[in-house]
>>> print(open('model05.txt').read())   # compact mmCIF, N, CA and C atoms
# COMPACT_ATOMS: atom_id res chain seq x y z
N MET I 1 24.48 3.24 -7.56
CA MET I 1 23.35 4.03 -8.00
C MET I 1 23.32 5.40 -7.32
N ALA I 2 24.33 5.75 -6.60
CA ALA I 2 24.33 6.96 -5.79
C ALA I 2 24.02 8.23 -6.58
N ASN I 3 24.51 8.37 -7.79
CA ASN I 3 24.32 9.59 -8.55
C ASN I 3 23.30 9.45 -9.67
N GLN I 4 22.54 8.40 -9.64
CA GLN I 4 21.58 8.17 -10.71
C GLN I 4 20.26 8.88 -10.44
N THR I 5 19.58 9.20 -11.51
CA THR I 5 18.25 9.80 -11.42
C THR I 5 17.20 8.69 -11.47
N VAL I 6 15.96 9.06 -11.18
CA VAL I 6 14.86 8.10 -11.31
C VAL I 6 14.80 7.61 -12.75
N ARG I 7 15.03 8.49 -13.69
CA ARG I 7 14.99 8.11 -15.11
C ARG I 7 16.06 7.06 -15.41
N ASP I 8 17.28 7.25 -14.86
CA ASP I 8 18.36 6.28 -15.06
C ASP I 8 17.97 4.91 -14.48
N ILE I 9 17.47 4.95 -13.26
CA ILE I 9 17.12 3.69 -12.57
C ILE I 9 15.97 3.01 -13.30
N HIS I 10 14.96 3.80 -13.69
CA HIS I 10 13.84 3.19 -14.41
C HIS I 10 14.30 2.59 -15.73
N GLY I 11 15.29 3.19 -16.36
CA GLY I 11 15.82 2.63 -17.60
C GLY I 11 16.29 1.20 -17.43
N MET I 12 16.93 0.93 -16.29
CA MET I 12 17.39 -0.44 -16.02
C MET I 12 16.21 -1.38 -15.83
N PHE I 13 15.18 -0.92 -15.13
CA PHE I 13 14.00 -1.74 -14.91
C PHE I 13 13.19 -1.91 -16.20
N LYS I 14 13.12 -0.84 -16.98
CA LYS I 14 12.35 -0.86 -18.23
C LYS I 14 12.90 -1.91 -19.20
N LYS I 15 14.22 -2.09 -19.20
CA LYS I 15 14.82 -3.12 -20.06
C LYS I 15 14.28 -4.51 -19.75
N ASN I 16 13.79 -4.67 -18.53
CA ASN I 16 13.21 -5.95 -18.11
C ASN I 16 11.68 -5.92 -18.12
N GLY I 17 11.12 -4.88 -18.73
CA GLY I 17 9.68 -4.82 -18.92
C GLY I 17 8.89 -4.23 -17.76
N PHE I 18 9.56 -3.55 -16.82
CA PHE I 18 8.86 -3.01 -15.66
C PHE I 18 8.50 -1.55 -15.85
N SER I 19 7.29 -1.19 -15.41
CA SER I 19 6.85 0.20 -15.43
C SER I 19 7.45 0.93 -14.22
N ILE I 20 7.27 2.23 -14.18
CA ILE I 20 7.74 3.00 -13.01
C ILE I 20 7.02 2.52 -11.76
N ARG I 21 5.73 2.31 -11.87
CA ARG I 21 4.94 1.83 -10.71
C ARG I 21 5.48 0.50 -10.19
N GLU I 22 5.78 -0.41 -11.11
CA GLU I 22 6.33 -1.71 -10.72
C GLU I 22 7.73 -1.57 -10.11
N MET I 23 8.52 -0.64 -10.63
CA MET I 23 9.85 -0.39 -10.08
C MET I 23 9.74 0.07 -8.62
N VAL I 24 8.82 0.98 -8.35
CA VAL I 24 8.62 1.47 -6.99
C VAL I 24 8.16 0.33 -6.08
N ALA I 25 7.23 -0.46 -6.57
CA ALA I 25 6.75 -1.60 -5.78
C ALA I 25 7.88 -2.57 -5.46
N LEU I 26 8.71 -2.87 -6.44
CA LEU I 26 9.84 -3.77 -6.21
C LEU I 26 10.86 -3.16 -5.24
N SER I 27 11.03 -1.85 -5.29
CA SER I 27 11.93 -1.19 -4.34
C SER I 27 11.44 -1.35 -2.91
N GLY I 28 10.15 -1.52 -2.75
CA GLY I 28 9.58 -1.74 -1.42
C GLY I 28 10.10 -3.00 -0.76
N ALA I 29 10.68 -3.90 -1.52
CA ALA I 29 11.28 -5.11 -0.94
C ALA I 29 12.44 -4.76 -0.02
N HIS I 30 12.95 -3.53 -0.12
CA HIS I 30 14.01 -3.10 0.79
C HIS I 30 13.53 -3.00 2.23
N THR I 31 12.24 -3.20 2.45
CA THR I 31 11.73 -3.22 3.82
C THR I 31 12.29 -4.43 4.59
N ILE I 32 12.76 -5.43 3.88
CA ILE I 32 13.39 -6.61 4.48
C ILE I 32 14.87 -6.59 4.12
N GLY I 33 15.70 -6.93 5.06
CA GLY I 33 17.12 -7.08 4.76
C GLY I 33 17.98 -5.94 5.26
N PHE I 34 19.18 -5.91 4.74
CA PHE I 34 20.17 -4.94 5.20
C PHE I 34 21.04 -4.48 4.03
N SER I 35 21.78 -3.42 4.28
CA SER I 35 22.75 -2.91 3.30
C SER I 35 24.07 -2.72 4.01
N HIS I 36 25.14 -3.08 3.31
CA HIS I 36 26.48 -2.87 3.87
C HIS I 36 26.79 -1.38 3.85
N CYS I 37 27.52 -0.93 4.84
CA CYS I 37 27.84 0.49 4.99
C CYS I 37 28.45 1.08 3.72
N LYS I 38 29.24 0.29 3.02
CA LYS I 38 29.89 0.80 1.80
C LYS I 38 28.87 1.22 0.75
N GLU I 39 27.64 0.71 0.84
CA GLU I 39 26.59 1.03 -0.14
C GLU I 39 25.95 2.39 0.11
N PHE I 40 26.10 2.93 1.32
CA PHE I 40 25.47 4.22 1.62
C PHE I 40 26.37 5.19 2.38
N SER I 41 27.61 4.82 2.63
CA SER I 41 28.50 5.66 3.44
C SER I 41 28.75 7.04 2.82
N ASP I 42 28.68 7.14 1.49
CA ASP I 42 28.88 8.44 0.85
C ASP I 42 27.79 9.43 1.25
N ARG I 43 26.66 8.95 1.73
CA ARG I 43 25.58 9.82 2.20
C ARG I 43 25.83 10.32 3.62
N LEU I 44 26.85 9.77 4.30
CA LEU I 44 27.09 10.09 5.71
C LEU I 44 28.27 11.00 5.96
N TYR I 45 29.30 10.88 5.14
CA TYR I 45 30.58 11.51 5.47
C TYR I 45 31.00 12.57 4.46
N GLY I 46 31.73 13.56 4.94
CA GLY I 46 32.39 14.53 4.09
C GLY I 46 31.47 15.57 3.48
N SER I 47 31.98 16.22 2.47
CA SER I 47 31.26 17.32 1.83
C SER I 47 30.03 16.85 1.07
N ARG I 48 29.98 15.57 0.74
CA ARG I 48 28.83 15.03 0.00
C ARG I 48 27.77 14.43 0.92
N ALA I 49 27.93 14.63 2.22
CA ALA I 49 26.95 14.07 3.17
C ALA I 49 25.56 14.61 2.85
N ASP I 50 24.59 13.74 2.91
CA ASP I 50 23.20 14.07 2.56
C ASP I 50 22.52 14.73 3.75
N LYS I 51 22.18 15.98 3.60
CA LYS I 51 21.55 16.76 4.68
C LYS I 51 20.10 16.35 4.92
N GLU I 52 19.55 15.53 4.04
CA GLU I 52 18.16 15.12 4.19
C GLU I 52 17.99 13.87 5.04
N ILE I 53 19.08 13.25 5.43
CA ILE I 53 19.00 12.12 6.36
C ILE I 53 18.71 12.68 7.74
N ASN I 54 17.81 12.07 8.46
CA ASN I 54 17.50 12.47 9.82
C ASN I 54 18.81 12.55 10.62
N PRO I 55 19.08 13.68 11.28
CA PRO I 55 20.37 13.86 11.97
C PRO I 55 20.68 12.78 13.03
N ARG I 56 19.69 12.37 13.80
CA ARG I 56 19.92 11.33 14.81
C ARG I 56 20.21 9.99 14.15
N PHE I 57 19.51 9.71 13.06
CA PHE I 57 19.72 8.49 12.32
C PHE I 57 21.12 8.50 11.70
N ALA I 58 21.50 9.64 11.12
CA ALA I 58 22.83 9.77 10.51
C ALA I 58 23.92 9.56 11.56
N ALA I 59 23.74 10.12 12.75
CA ALA I 59 24.74 9.96 13.82
C ALA I 59 24.87 8.49 14.22
N ALA I 60 23.74 7.80 14.32
CA ALA I 60 23.78 6.37 14.67
C ALA I 60 24.46 5.55 13.58
N LEU I 61 24.18 5.89 12.33
CA LEU I 61 24.81 5.18 11.21
C LEU I 61 26.31 5.44 11.16
N LYS I 62 26.71 6.69 11.42
CA LYS I 62 28.14 7.02 11.45
C LYS I 62 28.85 6.21 12.51
N ASP I 63 28.21 6.06 13.66
CA ASP I 63 28.81 5.27 14.74
C ASP I 63 28.90 3.80 14.32
N LEU I 64 27.82 3.27 13.77
CA LEU I 64 27.80 1.87 13.33
C LEU I 64 28.85 1.62 12.25
N CYS I 65 28.98 2.54 11.32
CA CYS I 65 29.80 2.33 10.13
C CYS I 65 31.22 2.90 10.24
N LYS I 66 31.60 3.35 11.42
CA LYS I 66 32.89 4.04 11.54
C LYS I 66 34.08 3.22 11.07
N ASN I 67 34.00 1.90 11.10
CA ASN I 67 35.11 1.04 10.66
C ASN I 67 34.80 0.30 9.36
N HIS I 68 33.87 0.82 8.59
CA HIS I 68 33.44 0.09 7.38
C HIS I 68 34.53 -0.05 6.33
N THR I 69 35.53 0.81 6.35
CA THR I 69 36.61 0.68 5.37
C THR I 69 37.57 -0.45 5.74
N VAL I 70 37.55 -0.84 7.01
CA VAL I 70 38.40 -1.94 7.49
C VAL I 70 37.62 -3.26 7.47
N ASP I 71 36.35 -3.17 7.81
CA ASP I 71 35.48 -4.36 7.88
C ASP I 71 34.29 -4.15 6.95
N ASP I 72 34.35 -4.70 5.76
CA ASP I 72 33.29 -4.47 4.78
C ASP I 72 32.04 -5.32 5.01
N THR I 73 31.98 -6.03 6.14
CA THR I 73 30.78 -6.80 6.47
C THR I 73 29.81 -6.01 7.35
N ILE I 74 30.22 -4.84 7.82
CA ILE I 74 29.35 -4.03 8.68
C ILE I 74 28.15 -3.58 7.86
N ALA I 75 26.95 -3.76 8.45
CA ALA I 75 25.72 -3.46 7.72
C ALA I 75 24.66 -2.92 8.67
N ALA I 76 23.66 -2.30 8.08
CA ALA I 76 22.51 -1.78 8.83
C ALA I 76 21.24 -2.31 8.19
N PHE I 77 20.21 -2.47 9.01
CA PHE I 77 18.91 -2.87 8.47
C PHE I 77 18.38 -1.77 7.56
N ASN I 78 17.80 -2.15 6.44
CA ASN I 78 17.19 -1.17 5.54
C ASN I 78 16.00 -0.47 6.19
N ASP I 79 15.26 -1.20 6.98
CA ASP I 79 14.08 -0.67 7.66
C ASP I 79 14.35 -0.72 9.16
N VAL I 80 14.66 0.42 9.74
CA VAL I 80 15.04 0.44 11.16
C VAL I 80 13.85 0.27 12.09
N MET I 81 12.64 0.49 11.61
CA MET I 81 11.46 0.40 12.47
C MET I 81 10.91 -1.03 12.57
N THR I 82 10.81 -1.70 11.43
CA THR I 82 10.25 -3.06 11.40
C THR I 82 11.13 -3.93 10.50
N PRO I 83 12.38 -4.18 10.91
CA PRO I 83 13.35 -4.83 10.01
C PRO I 83 12.99 -6.25 9.57
N GLY I 84 12.21 -6.98 10.34
CA GLY I 84 11.89 -8.35 9.97
C GLY I 84 10.48 -8.53 9.46
N LYS I 85 9.81 -7.44 9.14
CA LYS I 85 8.42 -7.50 8.73
C LYS I 85 8.27 -6.93 7.33
N PHE I 86 7.56 -7.64 6.46
CA PHE I 86 7.30 -7.14 5.11
C PHE I 86 6.08 -6.23 5.17
N ASP I 87 6.34 -4.93 5.14
CA ASP I 87 5.27 -3.94 5.23
C ASP I 87 5.67 -2.70 4.44
N ASN I 88 4.93 -1.62 4.58
CA ASN I 88 5.26 -0.40 3.84
C ASN I 88 6.03 0.61 4.69
N MET I 89 6.54 0.18 5.83
CA MET I 89 7.26 1.08 6.73
C MET I 89 8.50 1.68 6.07
N TYR I 90 9.14 0.95 5.18
CA TYR I 90 10.33 1.49 4.53
C TYR I 90 10.00 2.78 3.78
N PHE I 91 8.87 2.81 3.07
CA PHE I 91 8.47 4.02 2.36
C PHE I 91 8.15 5.15 3.34
N LYS I 92 7.50 4.82 4.44
CA LYS I 92 7.23 5.83 5.47
C LYS I 92 8.53 6.36 6.05
N ASN I 93 9.49 5.47 6.26
CA ASN I 93 10.79 5.88 6.79
C ASN I 93 11.50 6.83 5.83
N LEU I 94 11.40 6.59 4.54
CA LEU I 94 12.05 7.46 3.56
C LEU I 94 11.57 8.90 3.70
N LYS I 95 10.28 9.06 3.92
CA LYS I 95 9.71 10.41 4.08
C LYS I 95 10.24 11.08 5.34
N ARG I 96 10.67 10.30 6.31
CA ARG I 96 11.18 10.83 7.59
C ARG I 96 12.70 10.98 7.60
N GLY I 97 13.34 10.71 6.47
CA GLY I 97 14.79 10.80 6.41
C GLY I 97 15.49 9.59 7.01
N LEU I 98 14.80 8.45 7.04
CA LEU I 98 15.34 7.24 7.65
C LEU I 98 15.66 6.16 6.63
N GLY I 99 16.04 6.56 5.45
CA GLY I 99 16.40 5.60 4.41
C GLY I 99 17.90 5.53 4.21
N LEU I 100 18.39 4.36 3.89
CA LEU I 100 19.83 4.17 3.70
C LEU I 100 20.29 4.49 2.29
N LEU I 101 19.58 4.00 1.32
CA LEU I 101 20.06 4.02 -0.06
C LEU I 101 19.60 5.26 -0.83
N ALA I 102 20.54 5.89 -1.50
CA ALA I 102 20.23 7.08 -2.30
C ALA I 102 19.21 6.75 -3.38
N SER I 103 19.30 5.55 -3.94
CA SER I 103 18.37 5.17 -5.01
C SER I 103 16.93 5.11 -4.51
N ASP I 104 16.74 4.76 -3.26
CA ASP I 104 15.40 4.76 -2.68
C ASP I 104 14.97 6.17 -2.30
N HIS I 105 15.89 6.94 -1.77
CA HIS I 105 15.59 8.30 -1.34
C HIS I 105 15.07 9.14 -2.52
N ILE I 106 15.66 8.97 -3.69
CA ILE I 106 15.20 9.78 -4.82
C ILE I 106 13.80 9.41 -5.29
N LEU I 107 13.34 8.20 -4.95
CA LEU I 107 11.97 7.82 -5.30
C LEU I 107 10.96 8.72 -4.60
N ILE I 108 11.28 9.10 -3.38
CA ILE I 108 10.38 9.96 -2.60
C ILE I 108 10.41 11.39 -3.13
N LYS I 109 11.53 11.81 -3.65
CA LYS I 109 11.71 13.18 -4.10
C LYS I 109 11.19 13.44 -5.51
N ASP I 110 11.06 12.41 -6.32
CA ASP I 110 10.67 12.57 -7.72
C ASP I 110 9.15 12.45 -7.87
N ASN I 111 8.54 13.42 -8.51
CA ASN I 111 7.06 13.43 -8.65
C ASN I 111 6.54 12.26 -9.46
N SER I 112 7.35 11.68 -10.34
CA SER I 112 6.86 10.57 -11.16
C SER I 112 6.72 9.28 -10.36
N THR I 113 7.30 9.26 -9.18
CA THR I 113 7.25 8.04 -8.37
C THR I 113 6.48 8.28 -7.08
>>> encode(input="model05.txt", output="structure tokens")
Amino acid sequence: MANQTVRDIHGMFKKNGFSIREMVALSGAHTIGFSHCKEFSDRLYGSRADKEINPRFAAALKDLCKNHTVDDTIAAFNDVMTPGKFDNMYFKNLKRGLGLLASDHILIKDNST
């Protein structure tokens, strides 16, 4: 989903009967769990690195994920502040540049969400 727009992502949810509001609410489930580095590494490295990721967070992720091409089990918590708690911290983290997934990051940037 790295290059998808909110409209693209909502299209997938809409096929299952979900509104934009419901899609955002369901995305909040990312407050629990983890993502493998391969799912977000394109946001960290090279010319396509996302400048909107908090620089300290990006540096920590780069260190964590440095061997992700050799070991595809390396992962990071989706919510670095409260990884084992179901709360709204993941959305707060996105506003601070502390989100892993591009698909979640664009939710904060798009006025419809």
>>> residues_near_point(input="model05.txt", point="(23.5, 4.2, 3.6)", cutoff="8 Å", atoms="only N, CA and C atoms", output="short mmCIF file (atom, residue, chain, number, x, y, z; two decimals) with N, CA and C atoms, in the coordinates of the input")
data_model
loop_
_atom_site.label_atom_id
_atom_site.label_comp_id
_atom_site.auth_asym_id
_atom_site.auth_seq_id
_atom_site.Cartn_x
_atom_site.Cartn_y
_atom_site.Cartn_z
N SER I 35 21.78 -3.42 4.28
CA SER I 35 22.75 -2.91 3.30
C SER I 35 24.07 -2.72 4.01
N HIS I 36 25.14 -3.08 3.31
CA HIS I 36 26.48 -2.87 3.87
C HIS I 36 26.79 -1.38 3.85
N CYS I 37 27.52 -0.93 4.84
CA CYS I 37 27.84 0.49 4.99
C CYS I 37 28.45 1.08 3.72
N LYS I 38 29.24 0.29 3.02
CA LYS I 38 29.89 0.80 1.80
C LYS I 38 28.87 1.22 0.75
N GLU I 39 27.64 0.71 0.84
CA GLU I 39 26.59 1.03 -0.14
C GLU I 39 25.95 2.39 0.11
N PHE I 40 26.10 2.93 1.32
CA PHE I 40 25.47 4.22 1.62
C PHE I 40 26.37 5.19 2.38
N SER I 41 27.61 4.82 2.63
CA SER I 41 28.50 5.66 3.44
C SER I 41 28.75 7.04 2.82
N ASP I 42 28.68 7.14 1.49
CA ASP I 42 28.88 8.44 0.85
C ASP I 42 27.79 9.43 1.25
N ARG I 43 26.66 8.95 1.73
CA ARG I 43 25.58 9.82 2.20
C ARG I 43 25.83 10.32 3.62
N LEU I 44 26.85 9.77 4.30
CA LEU I 44 27.09 10.09 5.71
C LEU I 44 28.27 11.00 5.96
N LEU I 61 24.18 5.89 12.33
CA LEU I 61 24.81 5.18 11.21
C LEU I 61 26.31 5.44 11.16
N ALA I 76 23.66 -2.30 8.08
CA ALA I 76 22.51 -1.78 8.83
C ALA I 76 21.24 -2.31 8.19
N GLY I 99 16.04 6.56 5.45
CA GLY I 99 16.40 5.60 4.41
C GLY I 99 17.90 5.53 4.21
N LEU I 100 18.39 4.36 3.89
CA LEU I 100 19.83 4.17 3.70
C LEU I 100 20.29 4.49 2.29
N LEU I 101 19.58 4.00 1.32
CA LEU I 101 20.06 4.02 -0.06
C LEU I 101 19.60 5.26 -0.83
N ALA I 102 20.54 5.89 -1.50
CA ALA I 102 20.23 7.08 -2.30
C ALA I 102 19.21 6.75 -3.38
#
>>> residues_near_point(input="model05.txt", point="(16.0, 10.1, 1.6)", cutoff="6 Å", atoms="all atoms listed in the file", output="PyMOL selection string")
chain I and resi 52-53+94+97-99+104-106
>>> atom_distance(input="model05.txt", atom1="CA of Arg7 (chain I)", atom2="CA of Thr113 (chain I)")
10.3 Å
>>> select_by_dssp(input="model05.txt", residues="chain I", states="strand (DSSP E or B)", output="PyMOL selection string")
chain I and resi 34-36+75-77
>>> residues_around(input="model05.txt", residues="Val80 (chain I)", least_positions_apart="5", cutoff="10 Å", atoms="only C-alpha atoms", output="list in words")
Thr31, Ile32, Phe34, Phe57, Met89, Tyr90, Asn93, Leu98, Gly99 and Leu100 of chain I
>>> residues_around(input="model05.txt", residues="Gly28 (chain I)", least_positions_apart="6", cutoff="8 Å", atoms="all atoms listed in the file", output="ChimeraX atom specification")
/I:22,86-88,90-91
>>> atom_distance(input="model05.txt", atom1="atom N of Pro55 (chain I)", atom2="CA of Ile9 (chain I)")
25.9 Å
>>> atom_distance(input="model05.txt", atom1="CA of Gly84 (chain I)", atom2="CA of Ala25 (chain I)")
17.9 Å
>>> select_by_dssp(input="model05.txt", residues="chain I", states="helix (DSSP H, G or I)", output="PyMOL selection string")
chain I and resi 6-14+20-31+37-39+41-43+46-48+55-64+89-95+102-109
>>> axis_aligned_box(input="model05.txt", around="region 93-112 of chain I", padding_each_side="5 Å", output="AutoDock Vina command-line options")
--center_x 13.5 --center_y 8.7 --center_z -1.8 --size_x 24.0 --size_y 19.4 --size_z 28.8
>>> closest_residue(input="model05.txt", among="I:Gln4, I:Ala58, I:Pro83, I:Ile108", to="Lys95 (chain I)", atoms="all atoms listed in the file")
I:Ile108
